[in-house]
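K.L.:
Got a structure here, written out as structure tokens. Questions coming.
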Amino acid sequence: MIPSAFDYHAPTSLDEALTLLAQGGDDAKILAGGQSLIPVMRLRLAGPELLIDLGRIDGLRGIEDDGDAVRIGAMTPHHDIASSALLGEHAALLCAAARTVADPQVRHRGTFGGALVHADPAGDMPAPALVLGAEFVIAGAGGIRTVSATDFFEGLFTTAVGEDEILTHVRIPKHTGWGARYEKFTRVAQQWSIVAVAATVRAEGSAIAEARVGLTNMGSVPIRAESVEAALAGCALEEAAIARACASAAEGTDPPTDTNGDADYRRHLATVLATRAVLSAAGG
Amino acid sequence: MAALRTGQPDDPTVSTVGIRVNDEMSELTVDNRTSLLDALREHLGLTGAKKGCDHGQCGACTVLIDGRRANSCLQLAVMVDGQDVTTIEGLGAAEDLHPVQRAFLDRDAYQCGYCTPGQICSAVGAIAEAGAGWPSAVTPADSLGIEGTAGLDASEVRERMSGNLCRCAAYVNIVPAVLDAAREVSA
């Protein structure tokens, strides 16, 4: 289907983009890589009258060392995250998850910030961002504000980014030397996650010192499996012990039921995938 | 070089764009809704890129934008103003085939041929990515990449070509064709 008609603007500065967004009001929509927005517009599930393309604003792209964090421009494509040596060293979980987003063609054009603001519950980047404690830098008419990962994801396709605001950067606190695994369960290669588990682990000797575990598509927002994280602290690097710690992975979740599986099936998947993800992240 | 003029005096939903396609600059006036795929096929007469699903799922419309592969159905023509687009028509000619085209012929890596232009453009991108050492989802997690095209094996090729569907299921010959071409390109 052909989308409904729209005006198109390609500002070259953030200020210009914010002004256009303020003028456009409810009828305006930000275009990042377009890999979700264009299909949605083609299905006429969205019909913005004005598209503001961020693709020509240079300052929104790139991955930089920022002291105790790595700073990622919102318009950085998934492929650049997947192959970043800097992120591989300090936030390997993001690289692992970015390698699984959709397919290579989509990863070249789809952006990190676009995927986060789209906030699809089955999307692969929100859970890793959540467990790594990402800080979201959001620009608006009133200036810049920073939102924590726990406050960023508000609901189904909804984030803390206001209608007159733009996500510009994400700061990922360094987790240097932490092992990582994004364990994604799908039936075919390009599919959205039926369930996925994001795990990153700091091991000390033969035990896990600290672990962060996040769940994709186990509710309307990404979820941190806090009881699993608590059980993993000090846990021996053995499959049986890790499996016991991961048994509560589905606790407090509200997974969807759809043609891929019902809620109970997803709860079962969460425990199995959490065990695999933690074991792999810990080097097992 | 960008020729982008958004909005026309009588119609704000139309723009003029400048796109370099197969090394030739083209200026087009298009409805903002026009996908890059439709601009190539309907405006420039380049019908090599195919419209399979028009939703970014099949990869039949794959082209290279500034050297990176992309689904041309998921790009608006206005988004690629000032960028370089390479389509199957720009890779080689009948008398001067690109190594990937040659490998697809030698390996009989197609049946009906509808997905083939997208498969070939995607393979060209995949081989370049491997040459640059970029990792895939099946590259070991503790490794930042692979050792150039020599690091490609059947499993890496299957993953790296996973954005291109072939409903005839010619995959069994596509994988060796891509491996052959990767060896030739890097030789």
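Identifiers in the structure tokens: chain A, B, ... in order shown; residue index from 1 per chain; ligand index from 1 in order shown.
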Any idea what's packed within 9 Å of B:Ile88, counting only C-alpha atoms, ignoring anything in its chain fewer than 3 positions away? Could you give it as an NGL selection string?
P.N.:
:B and (22 or 46 or 48-49 or 62-63 or 91-92 or 117-118 or 120-121)
K.L.:
Quick check: residues of chain A within 6 Å of chain B, only C-alpha atoms, returned as a PyMOL selection string.
P.N.:
chain A and resi 6-7+39+83+99-100+103+105
K.L.:
Using only C-alpha atoms, determine which residues lie at most 9 Å from A:Arg266, disregarding the query and same-chain residues fewer than 5 positions distant; provide the list as a ChimeraX atom specification.
P.N.:
/A:194-195,217-218,250,255-257,261,271
K.L.:
Could you take the residues named above and write them with N, CA and C atoms, as a CSV table (one decimal), in the first residue's frame?
P.N.:
chain,number,residue,atom,x,y,z
A,194,ILE,N,10.8,-13.9,19.7
A,194,ILE,CA,9.6,-14.5,20.4
A,194,ILE,C,9.8,-14.2,21.9
A,195,VAL,N,11.0,-14.6,22.3
A,195,VAL,CA,11.6,-14.1,23.6
A,195,VAL,C,13.1,-14.0,23.4
A,217,ASN,N,10.5,-8.9,25.1
A,217,ASN,CA,9.2,-9.5,24.8
A,217,ASN,C,8.5,-10.3,25.8
A,218,MET,N,8.8,-10.0,27.1
A,218,MET,CA,8.1,-10.7,28.2
A,218,MET,C,7.1,-9.7,28.9
A,250,ALA,N,11.1,-15.7,34.9
A,250,ALA,CA,9.8,-15.2,34.4
A,250,ALA,C,8.9,-14.6,35.5
A,255,PRO,N,4.0,-11.8,29.8
A,255,PRO,CA,4.3,-12.0,28.4
A,255,PRO,C,3.0,-12.1,27.6
A,256,PRO,N,3.1,-11.7,26.3
A,256,PRO,CA,2.0,-11.8,25.4
A,256,PRO,C,1.7,-13.2,24.9
A,257,THR,N,0.4,-13.4,24.5
A,257,THR,CA,0.1,-14.6,23.8
A,257,THR,C,-0.2,-14.3,22.4
A,261,GLY,N,3.3,-18.3,20.2
A,261,GLY,CA,3.3,-19.0,21.5
A,261,GLY,C,2.4,-18.3,22.6
A,271,THR,N,13.2,-18.9,31.1
A,271,THR,CA,14.1,-19.6,32.1
A,271,THR,C,15.2,-20.3,31.3
K.L.:
Please give the complete set of residues from stretch 17-214 of chain A that DSSP, run on the backbone, assigns to helix (DSSP H, G or I), formatted as an MDAnalysis selection string.
P.N.:
chainID A and resid 17:27 37:42 54:56 58:60 78:82 85:90 92:98 104:109 112:118 126:131 149:152
K.L.:
Tell me, as a VMD selection string, which residues lie within 9 Å of A:Leu93, counting only C-alpha atoms; anything in the same chain fewer than 3 positions away does not count.
P.N.:
chain A and resid 87 to 88 90 96 to 98 128 to 129 132 178 to 182 198 to 200 281
K.L.:
May I have the residues within 6 Å of stretch 44-56 of chain A as a list in words, using only C-alpha atoms and disregarding those fewer than 3 positions away in the same chain?
P.N.:
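These residues fall inside the cut-off: Pro3, Ser4, Phe6, Asp7, Tyr8, His9, Ala10, Thr12, Asp27, Ala28, Lys29, Ile30, Leu31, Ala32, Val40 and Met41 of chain A.
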K.L.:
What's around B:Ala150 at 10 Å? Count only C-alpha atoms, leave out sequence neighbours fewer than 3 positions away in its own chain, and write the answer as a list in words.
P.N.:
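Neighbouring residues, sequence-local ones excluded: Ala130, Gly131, Gly133, Ile146, Glu147, Asp153, Leu179, Ala182, Arg183 and Ser186 of chain B.
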K.L.:
Rounded to one decimal place, report the atom CA of A:Val221-atom CA of A:Ala141 distance in Å.
P.N.:
27.2 Å
K.L.:
To one decimal in Å, tell me the separation between atom CA of B:Asp66 and atom CA of B:Met25.
P.N.:
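Calculated distance between atom CA of B:Asp66 and atom CA of B:Met25 is 13.8 Å.
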K.L.:
Taking into account only C-alpha atoms, which residue in the set A:Gly140, A:Gly177, A:Gly133, A:Gly214 is nearest to A:Ala22?
P.N.:
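Using only C-alpha atoms, A:Ala22 sits closest to A:Gly140.
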K.L.:
Find the spatial neighbours of stretch 97-104 of chain B, counting only C-alpha atoms, within a cut-off of 8 Å - ignore same-chain residues fewer than 5 positions away - and output them as a list in words.
P.N.:
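Contacts, with the query itself left out: Leu91, Gly92, Ala109, Tyr110, Ile120, Ala123, Val124, Ile174, Ala177, Val178, Asp180, Ala181, Glu184 and Val185 of chain B.
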K.L.:
What does the file look like for those residues with C-alpha atoms, as a compact mmCIF listing (two decimals), in the first residue's frame?
P.N.:
# COMPACT_ATOMS: atom_id res chain seq x y z
CA LEU B 91 27.83 -4.20 -11.16
CA GLY B 92 28.65 -5.74 -14.51
CA ALA B 109 22.63 -20.44 -8.02
CA TYR B 110 19.07 -19.62 -9.04
CA ILE B 120 23.91 -10.69 -5.99
CA ALA B 123 26.50 -10.91 -1.73
CA VAL B 124 28.69 -8.05 -3.01
CA ILE B 174 23.86 -19.75 -3.56
CA ALA B 177 28.55 -19.31 -5.25
CA VAL B 178 29.13 -16.65 -2.59
CA ASP B 180 33.61 -18.92 -4.69
CA ALA B 181 33.15 -15.20 -5.37
CA GLU B 184 38.02 -14.61 -6.22
CA VAL B 185 37.40 -11.08 -4.99
